[in-house]
Each structure stands twice: as structure tokens, then as C-alpha cells.
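Content type mmCIF, C-alpha atoms and all ligand atoms, from the file upload.cif:
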```cif
data_upload
loop_
_atom_site.group_PDB
_atom_site.id
_atom_site.type_symbol
_atom_site.label_atom_id
_atom_site.label_comp_id
_atom_site.auth_asym_id
_atom_site.auth_seq_id
_atom_site.Cartn_x
_atom_site.Cartn_y
_atom_site.Cartn_z
ATOM 1 C CA MET A 26 18.335 84.976 157.771
ATOM 2 C CA PRO A 27 18.899 88.289 159.592
ATOM 3 C CA ALA A 28 19.914 88.180 163.248
ATOM 4 C CA ASP A 29 16.531 89.556 164.204
ATOM 5 C CA LEU A 30 13.383 90.588 162.416
ATOM 6 C CA SER A 31 13.547 94.323 163.107
ATOM 7 C CA ARG A 32 14.946 95.164 159.668
ATOM 8 C CA LEU A 33 12.221 93.172 157.929
ATOM 9 C CA ALA A 34 9.575 94.626 160.248
ATOM 10 C CA SER A 35 10.734 98.170 159.513
ATOM 11 C CA TRP A 36 9.145 97.833 156.058
ATOM 12 C CA LEU A 37 5.858 96.275 157.067
ATOM 13 C CA ARG A 38 2.408 96.955 158.365
ATOM 14 C CA CYS A 39 -0.288 94.537 159.395
ATOM 15 C CA PRO A 40 -2.405 93.352 156.445
ATOM 16 C CA VAL A 41 -5.395 93.044 158.776
ATOM 17 C CA CYS A 42 -5.427 96.415 160.559
ATOM 18 C CA SER A 43 -2.566 98.448 158.960
ATOM 19 C CA ALA A 44 -0.734 98.994 162.271
ATOM 20 C CA ASP A 45 3.048 98.762 162.104
ATOM 21 C CA LEU A 46 4.472 95.272 162.475
ATOM 22 C CA GLU A 47 7.202 94.630 165.038
ATOM 23 C CA PRO A 48 9.150 91.498 165.950
ATOM 24 C CA VAL A 49 7.380 89.376 168.569
ATOM 25 C CA ASP A 50 9.895 86.539 168.687
ATOM 26 C CA ALA A 51 12.520 85.008 166.405
ATOM 27 C CA LEU A 52 9.969 83.860 163.815
ATOM 28 C CA THR A 53 6.917 86.039 164.418
ATOM 29 C CA LEU A 54 5.846 89.565 163.547
ATOM 30 C CA GLY A 55 2.918 91.176 165.272
ATOM 31 C CA CYS A 56 0.948 94.391 165.659
ATOM 32 C CA VAL A 57 -0.491 96.188 168.683
ATOM 33 C CA ASN A 58 -3.896 94.715 167.937
ATOM 34 C CA GLY A 59 -2.733 91.163 168.480
ATOM 35 C CA HIS A 60 -2.481 89.956 164.889
ATOM 36 C CA ARG A 61 0.434 87.554 164.415
ATOM 37 C CA HIS A 62 2.287 86.674 161.207
ATOM 38 C CA ASP A 63 4.795 83.836 160.916
ATOM 39 C CA VAL A 64 8.114 84.493 159.214
ATOM 40 C CA ASN A 65 9.485 81.737 157.012
ATOM 41 C CA LYS A 66 12.678 80.058 158.208
ATOM 42 C CA ARG A 67 14.272 81.327 155.000
ATOM 43 C CA GLY A 68 13.800 84.854 156.313
ATOM 44 C CA TYR A 69 10.837 86.217 154.398
ATOM 45 C CA VAL A 70 7.205 86.704 155.340
ATOM 46 C CA SER A 71 4.013 86.023 153.434
ATOM 47 C CA LEU A 72 1.324 88.616 154.091
ATOM 48 C CA LEU A 73 -0.855 87.448 151.245
ATOM 49 C CA GLY A 74 -3.831 86.504 153.358
ATOM 50 C CA GLY A 75 -6.611 84.683 151.596
ATOM 51 C CA GLY A 76 -8.408 85.552 148.445
ATOM 52 C CA SER A 77 -5.631 86.411 146.027
ATOM 53 C CA LYS A 78 -6.713 85.347 142.567
ATOM 54 C CA HIS A 79 -3.369 85.993 140.930
ATOM 55 C CA LEU A 80 -0.742 83.402 140.184
ATOM 56 C CA GLY A 81 2.912 83.838 141.027
ATOM 57 C CA ASP A 82 5.656 82.851 138.647
ATOM 58 C CA THR A 83 6.285 79.128 138.466
ATOM 59 C CA THR A 84 9.651 77.559 139.220
ATOM 60 C CA GLU A 85 10.112 77.050 135.481
ATOM 61 C CA MET A 86 9.462 80.739 134.816
ATOM 62 C CA LEU A 87 11.904 81.750 137.554
ATOM 63 C CA ASP A 88 14.580 79.413 136.198
ATOM 64 C CA ALA A 89 14.116 80.930 132.745
ATOM 65 C CA ARG A 90 14.327 84.418 134.205
ATOM 66 C CA ASP A 91 17.554 83.525 136.011
ATOM 67 C CA ARG A 92 19.074 82.191 132.780
ATOM 68 C CA VAL A 93 18.270 85.387 130.899
ATOM 69 C CA LEU A 94 19.143 87.894 133.604
ATOM 70 C CA GLU A 95 22.193 86.309 135.198
ATOM 71 C CA GLY A 96 23.497 85.621 131.694
ATOM 72 C CA GLY A 97 23.529 89.373 131.075
ATOM 73 C CA ALA A 98 21.011 89.596 128.239
ATOM 74 C CA TYR A 99 19.189 92.451 129.979
ATOM 75 C CA SER A 100 22.202 94.109 131.616
ATOM 76 C CA PRO A 101 21.610 97.467 129.869
ATOM 77 C CA ILE A 102 18.114 97.524 131.401
ATOM 78 C CA ALA A 103 19.504 96.704 134.839
ATOM 79 C CA ASP A 104 22.073 99.485 134.417
ATOM 80 C CA ALA A 105 19.340 101.995 133.553
ATOM 81 C CA VAL A 106 17.255 100.875 136.539
ATOM 82 C CA ALA A 107 20.263 101.197 138.833
ATOM 83 C CA GLY A 108 20.970 104.668 137.482
ATOM 84 C CA ALA A 109 17.411 105.790 138.189
ATOM 85 C CA ALA A 110 17.162 104.427 141.737
ATOM 86 C CA GLY A 111 18.160 106.486 144.749
ATOM 87 C CA GLY A 112 18.042 106.751 148.515
ATOM 88 C CA GLY A 113 18.578 104.259 151.283
ATOM 89 C CA ARG A 114 15.507 102.041 150.958
ATOM 90 C CA VAL A 115 14.484 100.380 147.703
ATOM 91 C CA LEU A 116 11.275 98.369 147.306
ATOM 92 C CA ASP A 117 11.071 96.150 144.235
ATOM 93 C CA ALA A 118 7.419 95.409 143.413
ATOM 94 C CA GLY A 119 7.222 92.224 141.393
ATOM 95 C CA ALA A 120 10.870 91.540 142.177
ATOM 96 C CA GLY A 121 10.990 88.007 140.815
ATOM 97 C CA THR A 122 14.380 86.656 141.809
ATOM 98 C CA GLY A 123 15.610 90.141 142.772
ATOM 99 C CA HIS A 124 17.934 90.779 139.822
ATOM 100 C CA TYR A 125 17.044 94.440 139.287
ATOM 101 C CA LEU A 126 16.916 95.101 143.017
ATOM 102 C CA ARG A 127 20.462 93.771 143.376
ATOM 103 C CA ALA A 128 21.549 95.998 140.491
ATOM 104 C CA ALA A 129 20.043 99.019 142.248
ATOM 105 C CA LEU A 130 21.648 98.109 145.575
ATOM 106 C CA ALA A 131 25.026 97.617 143.900
ATOM 107 C CA ALA A 132 24.848 101.283 142.916
ATOM 108 C CA LEU A 133 23.713 102.312 146.413
ATOM 109 C CA PRO A 134 26.236 100.672 148.749
ATOM 110 C CA ALA A 135 24.483 101.591 151.998
ATOM 111 C CA ALA A 136 20.943 100.908 150.842
ATOM 112 C CA LEU A 137 18.541 98.182 151.938
ATOM 113 C CA GLY A 138 16.060 96.404 149.725
ATOM 114 C CA LEU A 139 12.678 94.741 150.032
ATOM 115 C CA ALA A 140 11.871 92.134 147.377
ATOM 116 C CA MET A 141 8.095 91.878 147.033
ATOM 117 C CA ASP A 142 6.552 89.277 144.786
ATOM 118 C CA LEU A 143 3.600 86.946 144.599
ATOM 119 C CA SER A 144 5.951 84.001 144.117
ATOM 120 C CA PRO A 145 7.442 82.606 147.367
ATOM 121 C CA GLN A 146 10.153 80.880 145.326
ATOM 122 C CA GLY A 147 11.150 84.167 143.741
ATOM 123 C CA VAL A 148 11.235 85.999 147.069
ATOM 124 C CA SER A 149 13.224 83.167 148.625
ATOM 125 C CA ARG A 150 15.831 83.405 145.877
ATOM 126 C CA ALA A 151 16.024 87.188 146.198
ATOM 127 C CA VAL A 152 16.608 87.019 149.956
ATOM 128 C CA ARG A 153 19.194 84.277 149.609
ATOM 129 C CA ALA A 154 21.138 86.207 146.965
ATOM 130 C CA SER A 155 21.781 89.377 149.000
ATOM 131 C CA ASP A 156 22.266 90.037 152.692
ATOM 132 C CA ARG A 157 20.787 93.514 152.177
ATOM 133 C CA VAL A 158 17.466 92.217 150.872
ATOM 134 C CA ASP A 159 14.433 91.285 152.946
ATOM 135 C CA GLY A 160 11.495 89.471 151.428
ATOM 136 C CA LEU A 161 7.731 89.891 151.299
ATOM 137 C CA VAL A 162 5.201 87.679 149.548
ATOM 138 C CA ALA A 163 2.270 89.929 148.682
ATOM 139 C CA ASP A 164 -0.086 90.788 145.848
ATOM 140 C CA THR A 165 0.566 94.106 144.107
ATOM 141 C CA TRP A 166 -3.125 94.390 143.247
ATOM 142 C CA ARG A 167 -4.188 94.506 146.884
ATOM 143 C CA PRO A 168 -3.447 97.138 149.547
ATOM 144 C CA LEU A 169 0.248 96.636 150.226
ATOM 145 C CA PRO A 170 1.255 95.469 153.717
ATOM 146 C CA VAL A 171 4.020 98.066 153.595
ATOM 147 C CA ARG A 172 4.365 101.073 155.878
ATOM 148 C CA THR A 173 3.457 104.486 154.506
ATOM 149 C CA GLY A 174 6.576 106.371 153.406
ATOM 150 C CA ALA A 175 8.855 103.360 153.964
ATOM 151 C CA ALA A 176 10.627 103.518 150.586
ATOM 152 C CA ASP A 177 12.886 106.052 148.892
ATOM 153 C CA THR A 178 12.567 104.198 145.576
ATOM 154 C CA VAL A 179 9.980 101.785 144.205
ATOM 155 C CA LEU A 180 11.056 99.637 141.255
ATOM 156 C CA ASP A 181 8.481 98.171 138.893
ATOM 157 C CA VAL A 182 10.190 96.237 136.105
ATOM 158 C CA PHE A 183 7.864 94.404 133.702
ATOM 159 C CA ALA A 184 5.504 93.990 136.650
ATOM 160 C CA PRO A 185 1.964 94.894 137.650
ATOM 161 C CA ARG A 186 1.547 98.459 138.841
ATOM 162 C CA ASN A 187 -0.522 99.760 141.728
ATOM 163 C CA LEU A 188 0.271 103.438 141.352
ATOM 164 C CA PRO A 189 -1.768 104.747 144.316
ATOM 165 C CA GLU A 190 -0.243 102.181 146.682
ATOM 166 C CA PHE A 191 3.273 102.764 145.340
ATOM 167 C CA HIS A 192 2.696 106.454 146.015
ATOM 168 C CA ARG A 193 1.592 105.765 149.576
ATOM 169 C CA VAL A 194 4.643 103.650 150.431
ATOM 170 C CA LEU A 195 7.058 106.172 148.881
ATOM 171 C CA ARG A 196 8.304 109.048 150.947
ATOM 172 C CA PRO A 197 7.330 112.443 149.467
ATOM 173 C CA GLY A 198 9.709 113.130 146.589
ATOM 174 C CA GLY A 199 10.716 109.479 146.384
ATOM 175 C CA ALA A 200 11.374 107.834 143.032
ATOM 176 C CA LEU A 201 9.177 105.431 141.104
ATOM 177 C CA VAL A 202 11.153 103.621 138.403
ATOM 178 C CA VAL A 203 9.024 101.793 135.827
ATOM 179 C CA VAL A 204 10.257 99.619 132.956
ATOM 180 C CA VAL A 205 7.759 98.838 130.211
ATOM 181 C CA PRO A 206 8.261 97.172 126.831
ATOM 182 C CA ARG A 207 8.098 99.182 123.637
ATOM 183 C CA ALA A 208 6.051 97.939 120.696
ATOM 184 C CA ASP A 209 9.076 96.336 119.004
ATOM 185 C CA HIS A 210 10.371 94.570 122.128
ATOM 186 C CA LEU A 211 11.405 90.990 121.250
ATOM 187 C CA GLY A 212 9.691 91.489 117.897
ATOM 188 C CA SER A 213 11.289 88.567 116.100
ATOM 189 C CA LEU A 214 10.267 86.192 118.864
ATOM 190 C CA ARG A 215 6.716 87.428 118.746
ATOM 191 C CA ALA A 216 6.683 87.174 114.974
ATOM 192 C CA ALA A 217 7.747 83.542 115.386
ATOM 193 C CA GLY A 218 4.540 83.004 117.312
ATOM 194 C CA SER A 219 5.968 82.148 120.685
ATOM 195 C CA MET A 220 4.923 85.204 122.678
ATOM 196 C CA LEU A 221 1.926 87.392 123.279
ATOM 197 C CA ASP A 222 1.740 90.685 121.485
ATOM 198 C CA ILE A 223 2.708 93.705 123.525
ATOM 199 C CA PRO A 224 0.366 96.668 123.304
ATOM 200 C CA SER A 225 2.111 99.711 121.875
ATOM 201 C CA ASP A 226 2.677 102.942 123.760
ATOM 202 C CA LYS A 227 2.668 101.379 127.181
ATOM 203 C CA ALA A 228 4.920 104.137 128.487
ATOM 204 C CA ASP A 229 2.388 106.744 127.423
ATOM 205 C CA ASP A 230 -0.314 104.809 129.261
ATOM 206 C CA VAL A 231 1.792 104.761 132.439
ATOM 207 C CA ILE A 232 2.595 108.449 132.149
ATOM 208 C CA ALA A 233 -1.086 109.302 131.681
ATOM 209 C CA ALA A 234 -2.060 107.136 134.649
ATOM 210 C CA SER A 235 0.635 108.647 136.864
ATOM 211 C CA GLU A 236 -1.154 111.984 137.105
ATOM 212 C CA PRO A 237 -1.719 113.605 139.554
ATOM 213 C CA LEU A 238 0.292 111.539 142.034
ATOM 214 C CA TYR A 239 3.641 111.650 140.236
ATOM 215 C CA ALA A 240 5.760 114.010 138.179
ATOM 216 C CA LEU A 241 7.680 112.453 135.280
ATOM 217 C CA GLN A 242 11.371 113.239 135.680
ATOM 218 C CA ALA A 243 13.050 111.165 132.998
ATOM 219 C CA ARG A 244 12.177 108.873 130.123
ATOM 220 C CA GLU A 245 15.002 106.778 128.712
ATOM 221 C CA SER A 246 14.720 104.325 125.851
ATOM 222 C CA VAL A 247 16.973 101.298 126.099
ATOM 223 C CA ALA A 248 17.191 99.420 122.808
ATOM 224 C CA TYR A 249 19.723 97.016 121.348
ATOM 225 C CA ASP A 250 19.966 93.869 119.274
ATOM 226 C CA LEU A 251 20.482 90.626 121.129
ATOM 227 C CA ALA A 252 21.980 87.555 119.465
ATOM 228 C CA LEU A 253 19.887 84.494 120.194
ATOM 229 C CA THR A 254 20.734 80.926 120.815
ATOM 230 C CA ALA A 255 17.886 78.419 120.899
ATOM 231 C CA GLU A 256 18.361 78.233 124.673
ATOM 232 C CA LEU A 257 18.181 81.999 125.130
ATOM 233 C CA ALA A 258 15.124 82.239 122.874
ATOM 234 C CA ALA A 259 13.387 79.552 124.924
ATOM 235 C CA ALA A 260 14.320 81.281 128.179
ATOM 236 C CA LEU A 261 13.086 84.680 126.955
ATOM 237 C CA THR A 262 9.797 83.064 125.991
ATOM 238 C CA GLY A 263 9.572 81.083 129.213
ATOM 239 C CA MET A 264 10.340 83.861 131.698
ATOM 240 C CA GLY A 265 7.390 86.130 131.106
ATOM 241 C CA PRO A 266 3.623 86.159 131.191
ATOM 242 C CA SER A 267 3.529 84.524 127.774
ATOM 243 C CA ALA A 268 4.822 81.292 129.278
ATOM 244 C CA ARG A 269 1.657 80.484 131.169
ATOM 245 C CA HIS A 270 -0.601 81.435 128.276
ATOM 246 C CA ALA A 271 1.549 79.506 125.824
ATOM 247 C CA ALA A 272 1.478 76.460 128.054
ATOM 248 C CA ALA A 273 -2.291 76.745 128.353
ATOM 249 C CA ALA A 274 -2.610 77.041 124.587
ATOM 250 C CA GLY A 275 -0.353 74.077 123.992
ATOM 251 C CA VAL A 276 2.286 76.125 122.201
ATOM 252 C CA GLY A 277 5.525 77.644 123.445
ATOM 253 C CA THR A 278 8.157 76.457 121.033
ATOM 254 C CA PRO A 279 8.980 79.014 118.376
ATOM 255 C CA ALA A 280 7.877 77.946 114.904
ATOM 256 C CA ALA A 281 11.102 79.433 113.581
ATOM 257 C CA ASN A 282 14.358 80.099 115.379
ATOM 258 C CA PRO A 283 15.280 83.751 114.912
ATOM 259 C CA SER A 284 19.031 84.373 115.243
ATOM 260 C CA ALA A 285 18.590 87.767 116.902
ATOM 261 C CA THR A 286 15.945 89.910 118.488
ATOM 262 C CA ARG A 287 15.505 93.509 119.508
ATOM 263 C CA VAL A 288 15.380 94.408 123.174
ATOM 264 C CA SER A 289 13.415 97.648 123.396
ATOM 265 C CA VAL A 290 12.042 99.166 126.578
ATOM 266 C CA ASP A 291 11.277 102.495 128.181
ATOM 267 C CA VAL A 292 12.670 103.299 131.606
ATOM 268 C CA LEU A 293 10.544 105.929 133.324
ATOM 269 C CA ARG A 294 11.485 107.798 136.455
ATOM 270 C CA PHE A 295 8.809 109.619 138.398
ATOM 271 C CA ALA A 296 8.956 111.679 141.573
ATOM 272 C CA ALA A 297 6.170 111.162 144.081
ATOM 273 C CA ARG A 298 4.358 114.471 144.549
HETATM 274 ZN ZN ZN B 301 -3.040 94.001 162.967
#
```

Give the structure from this file in C-alpha cells form.
Amino acid sequence: MPADLSRLASWLRCPVCSADLEPVDALTLGCVNGHRHDVNKRGYVSLLGGGSKHLGDTTEMLDARDRVLEGGAYSPIADAVAGAAGGGRVLDAGAGTGHYLRAALAALPAALGLAMDLSPQGVSRAVRASDRVDGLVADTWRPLPVRTGAADTVLDVFAPRNLPEFHRVLRPGGALVVVVPRADHLGSLRAAGSMLDIPSDKADDVIAASEPLYALQARESVAYDLALTAELAAALTGMGPSARHAAAAGVGTPAANPSATRVSVDVLRFAAR
């Protein structure tokens, strides 16, 4: 927990009236219009309000994500994300447990991070894992309770995208770093029936949607073969959006156990116009 809330507040605006939030006392943020928002004792704030229809990652999904990411299976992706990030303030939208944000901050020794996610458990883990990371529980699909121009970089790694809002919270010229799966990403796992199909050409869709707010600066493909254990295969299946659908459909265990799979993503870097 930071000594005071000013660093957390420096990212945030009131979800009710959009005025800047400032510390009111040790566990409260507030705006000039009298709206008050409690900060969790773990040091993050939920500005979700009511009415969000989206579900955050479950504890099981977060545990699976930790097993995959902290085990290094996606390290080349984290390296590419870190290489594309810049500036002193990095907002990770859909941060999960903050793995990619920590990778970016490791490459930017003076930078601060904001881990934003719908999952309080994910945000809590992200804040706990780095003393340079503050936490925000919010829904990417709604207007973001983040100050205009507060970020030098926005990260969006396998996460929902709100391109107009990301543009608003970026300073002019700031970087948007997007990671999307390619059509062959985790192909052998999907062929085994344990994951949802990934639409092809997602990067092209993002690039098309980025106009006219952003200029594409770099497009890097990161692709490699990953040896699988049964545990890693289960964690890869359990960490993503397929997990909830698979659970709902009563499936989730691969029919076959592929010994390897292809990791294949595009890392896009845009500049905010
Ligand atoms: Zn307010």
C-alpha cells in the first residue's frame, strides 16, 4: 500500500462526473463535486459502479495465467511488449495479474504503472507484485475513470479494446501496444478441441479500426514452438476466454494431449495522433 493515495489518484478521474480524483483521507478518493470512492486496504480502487455486464477472470483463470506466464511460456511476447512500451507512465488495460506491465516497467526503470482489470483478484495480485504499480478495477467497455492524457503507453495484451478511450487517456504521441493472436496461435490445442477458434487476421481488424485516431508504427510477429506438458496444456486452456465457455459447455479437457503447440501473435505499436 503506498504511503498516500496521491500516486493512485494521479491516474484517475471521477466515474460519476469526470472531475479529477484527489486523496480525501487515507482510504478515500474524492472529486470537487463531492463524490467519494473508497480505496481497498490492499491499495487499489474499484470504480466499476453498477451495471457492468462483463465478467472478470475467475481465481482459477488467474492461477492458470500465473502458471503459464511466470513459468516463462510467453516470455518472448513479454519481451516484445516491453520493447514497444515507452515513457514514464504505463497503463495496462486488461492487466490480469500484471505480468506484461511488470515486463514493461522492468525495461523502464523510472516508470510507474496502472494495472486496470475487471477482476479485483487480478488487480490485487498486480499491485502486490510491484511497488511501482497502482490498481484500478474498471470495465474497458465503459468510459474509463482515467484522466485524459495520463498515460505515455497503453498496453492491451489479449484483452478487450476501447480504442477511442485508450486514445483519450494517452498523451498526444503516446504509444498503444496491442497483442493479438494470429490464426495459428495454439493451433494444436484448438485442434484437440479444448479451445475456441480464433478469428484470422485480427491484427488487420485492429489496424483498420485504429484509423483515424492512431498511426501504426510497427508490426512484429512473435512465433515459436512451445513444448507442452499436460499441466501447461491445461493452464493454457484455462487462462483465457475459452475457459469459461468450456466450463459452460461441460468440456475443457483436451481430447488428445499434443506434445507441442505454436505460439503465434502479432505485436502492434501505434502512436496516438
Ligand atoms: Zn465526481

Go through chain A and flag each residue having an atom no more than 8 Å from ligand ZN 301 (chain B); for those, report the closest pair of atoms plus their distance in Å to one decimal, using all atoms listed in the file, ordered by chain and rising number, as JSON lines.
```
{"residue": "A:Arg38", "atom": "CA", "partner": "B:ZN301", "partner_atom": "ZN", "distance": 7.7}
{"residue": "A:Cys39", "atom": "CA", "partner": "B:ZN301", "partner_atom": "ZN", "distance": 4.5}
{"residue": "A:Pro40", "atom": "CA", "partner": "B:ZN301", "partner_atom": "ZN", "distance": 6.6}
{"residue": "A:Val41", "atom": "CA", "partner": "B:ZN301", "partner_atom": "ZN", "distance": 4.9}
{"residue": "A:Cys42", "atom": "CA", "partner": "B:ZN301", "partner_atom": "ZN", "distance": 4.2}
{"residue": "A:Ser43", "atom": "CA", "partner": "B:ZN301", "partner_atom": "ZN", "distance": 6.0}
{"residue": "A:Ala44", "atom": "CA", "partner": "B:ZN301", "partner_atom": "ZN", "distance": 5.5}
{"residue": "A:Asp45", "atom": "CA", "partner": "B:ZN301", "partner_atom": "ZN", "distance": 7.8}
{"residue": "A:Leu46", "atom": "CA", "partner": "B:ZN301", "partner_atom": "ZN", "distance": 7.6}
{"residue": "A:Gly55", "atom": "CA", "partner": "B:ZN301", "partner_atom": "ZN", "distance": 7.0}
{"residue": "A:Cys56", "atom": "CA", "partner": "B:ZN301", "partner_atom": "ZN", "distance": 4.8}
{"residue": "A:Val57", "atom": "CA", "partner": "B:ZN301", "partner_atom": "ZN", "distance": 6.6}
{"residue": "A:Asn58", "atom": "CA", "partner": "B:ZN301", "partner_atom": "ZN", "distance": 5.1}
{"residue": "A:Gly59", "atom": "CA", "partner": "B:ZN301", "partner_atom": "ZN", "distance": 6.2}
{"residue": "A:His60", "atom": "CA", "partner": "B:ZN301", "partner_atom": "ZN", "distance": 4.5}
{"residue": "A:Arg61", "atom": "CA", "partner": "B:ZN301", "partner_atom": "ZN", "distance": 7.5}
```

_Minimum-distance residue to Glu47 (chain A), chosen among A:Arg172, A:Tyr125, A:Ala285, A:Gly147 (using all atoms listed in the file)_ = A:Arg172

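Minimum atom-to-atom distances from A:Glu245, A:Asp156, A:Asp117, A:Asp91 to Arg186 (chain A) were compared using all atoms listed in the file, and the lowest value belongs to A:Asp117.
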
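Nearest residue to Gly138 (chain A) among A:Leu293, A:Leu126, A:Ala208, A:Val64 is A:Leu126, counting only C-alpha atoms.
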
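Picture a line from CA of Arg153 (chain A) to CA of Arg196 (chain A); it runs 27.1 Å.
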
*Mind telling me what the PyMOL selection byres (((chain A and resi 142) around 7) and not hetatm) catches here, as a list in words?*
Ala118, Gly119, Ala120, Gly121, Ala140, Met141, Leu143, Ser144, Gly147, Val148, Leu161, Val162, Ala163 and Asp164 of chain A

*Could you give me, as an MDAnalysis selection string, the residues that sit within 7 Å of (14.8, 93.3, 120.7) in the file's coordinates, counting all atoms listed in the file?*
chainID A and resid 209:212 248:251 286:289

*Explicit residues for the PyMOL selection byres (((chain A and resi 105) around 12) and not hetatm) (as a ChimeraX atom specification)*: /A:99-104,106-110,125-126,128-129,132,180,182,202-204,243-248,290-294

*List, as an MDAnalysis selection string, every residue that the PyMOL selection byres (((chain A and resi 112) around 7) and not hetatm) selects in the file provided.*
chainID A and resid 111 113:114 136 177:178

Deliver the residues from the most recent selection as a file, using C-alpha atoms, as a PDB file, keeping the file's coordinate frame.
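Saved file result35.pdb follows:
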```pdb
ATOM      1  CA  GLY A 111      18.160 106.486 144.749  1.00  0.00           C
ATOM      2  CA  GLY A 113      18.578 104.259 151.283  1.00  0.00           C
ATOM      3  CA  ARG A 114      15.507 102.041 150.958  1.00  0.00           C
ATOM      4  CA  ALA A 136      20.943 100.908 150.842  1.00  0.00           C
ATOM      5  CA  ASP A 177      12.886 106.052 148.892  1.00  0.00           C
ATOM      6  CA  THR A 178      12.567 104.198 145.576  1.00  0.00           C
TER       7      THR A 178
END
```

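Remark: for Ser35 (chain A), the closest of the candidate residues A:Leu73, A:Ala176, A:Leu133, A:Ala297 is A:Ala176 (distances computed over only C-alpha atoms).
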
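Here CA of Ser149 (chain A) stands at a distance of 20.6 Å from CA of Asp50 (chain A).
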
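The coordinates place CA of Leu253 (chain A) at 15.1 Å from CA of Arg90 (chain A).
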
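For the set A:Val194, A:Leu188, A:Gln242, A:Ala131, the residue with the smallest atom-to-atom gap to Gly174 (chain A) is A:Val194, counting all atoms listed in the file.
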
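Shortest atom-to-atom contact with Asp159 (chain A) among A:Gly123, A:Pro48, A:Gly199, A:Pro189: A:Gly123, counting only C-alpha atoms.
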
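Using all atoms listed in the file, every residue with an atom at most 7 Å from the point (20.7, 83.9, 118.3) is listed here: A:Ala252, A:Leu253, A:Thr254, A:Ala255, A:Pro283, A:Ser284, A:Ala285.
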